[in-house]
Amino acid sequence: MSDEVWRRDEIESPCVKLCVLHPEARLCMGCFRSGDEIAGWARLTPDERRAIMAQLPERASSIPKTRRGGRAARLKRACIP
């Protein structure tokens with residue numbers, strides 16, 4: 001299905017289809033909105049959306065990026081007797 005179907009003449013959602021909430025910050029790791037902001041996005045006014053969009057870069061930089069795996073973690077697990 002094409003995303004073009006959902007395009008409208010208003011501020012678009014910052015959703016990048018990576019919907020995982022950070023356990024402590026309670027923000028989506030894809031778009032950095034809160035669950036309430038995501039759920040209510042369609043009902044927000046353009047000004048409310050602009051205000052949230054303006055906050056996203058700061059939110060993104062405030063969440064620590066942690067990696068749980070990758071090659072090093074797999075190797076470490078494989079070497080444990």
# chains A, B, ... in the order shown; residues from 1 in each chain; ligands from 1

call {"tool": "residues_around", "arguments": {"residues": "Trp41 in chain A", "least_positions_apart": "6", "cutoff": "10 Å", "atoms": "only C-alpha atoms", "output": "PyMOL selection string"}}
result
chain A and resi 12-13+33+35+48-49+52

call {"tool": "atom_distance", "arguments": {"atom1": "CA of Cys15 in chain A", "atom2": "CA of Cys31 in chain A"}}
result
5.2 Å

call {"tool": "atom_distance", "arguments": {"atom1": "CA of Ser62 in chain A", "atom2": "CA of Arg26 in chain A"}}
result
12.1 Å

call {"tool": "select_by_dssp", "arguments": {"residues": "range 2-61 of chain A", "states": "alpha helix (DSSP H)", "output": "ChimeraX atom specification"}}
result
/A:35-40,46-61

call {"tool": "residues_around", "arguments": {"residues": "Lys65 in chain A", "least_positions_apart": "4", "cutoff": "12 Å", "atoms": "only C-alpha atoms", "output": "ChimeraX atom specification"}}
result
/A:22,25,29-30,60-61

call {"tool": "atom_distance", "arguments": {"atom1": "CA of Glu24 in chain A", "atom2": "CA of Ile63 in chain A"}}
result
9.1 Å

call {"tool": "closest_residue", "arguments": {"among": "A:Gln55, A:Ile38, A:Pro64, A:Pro46", "to": "Lys17 in chain A", "atoms": "only C-alpha atoms"}}
result
A:Ile38
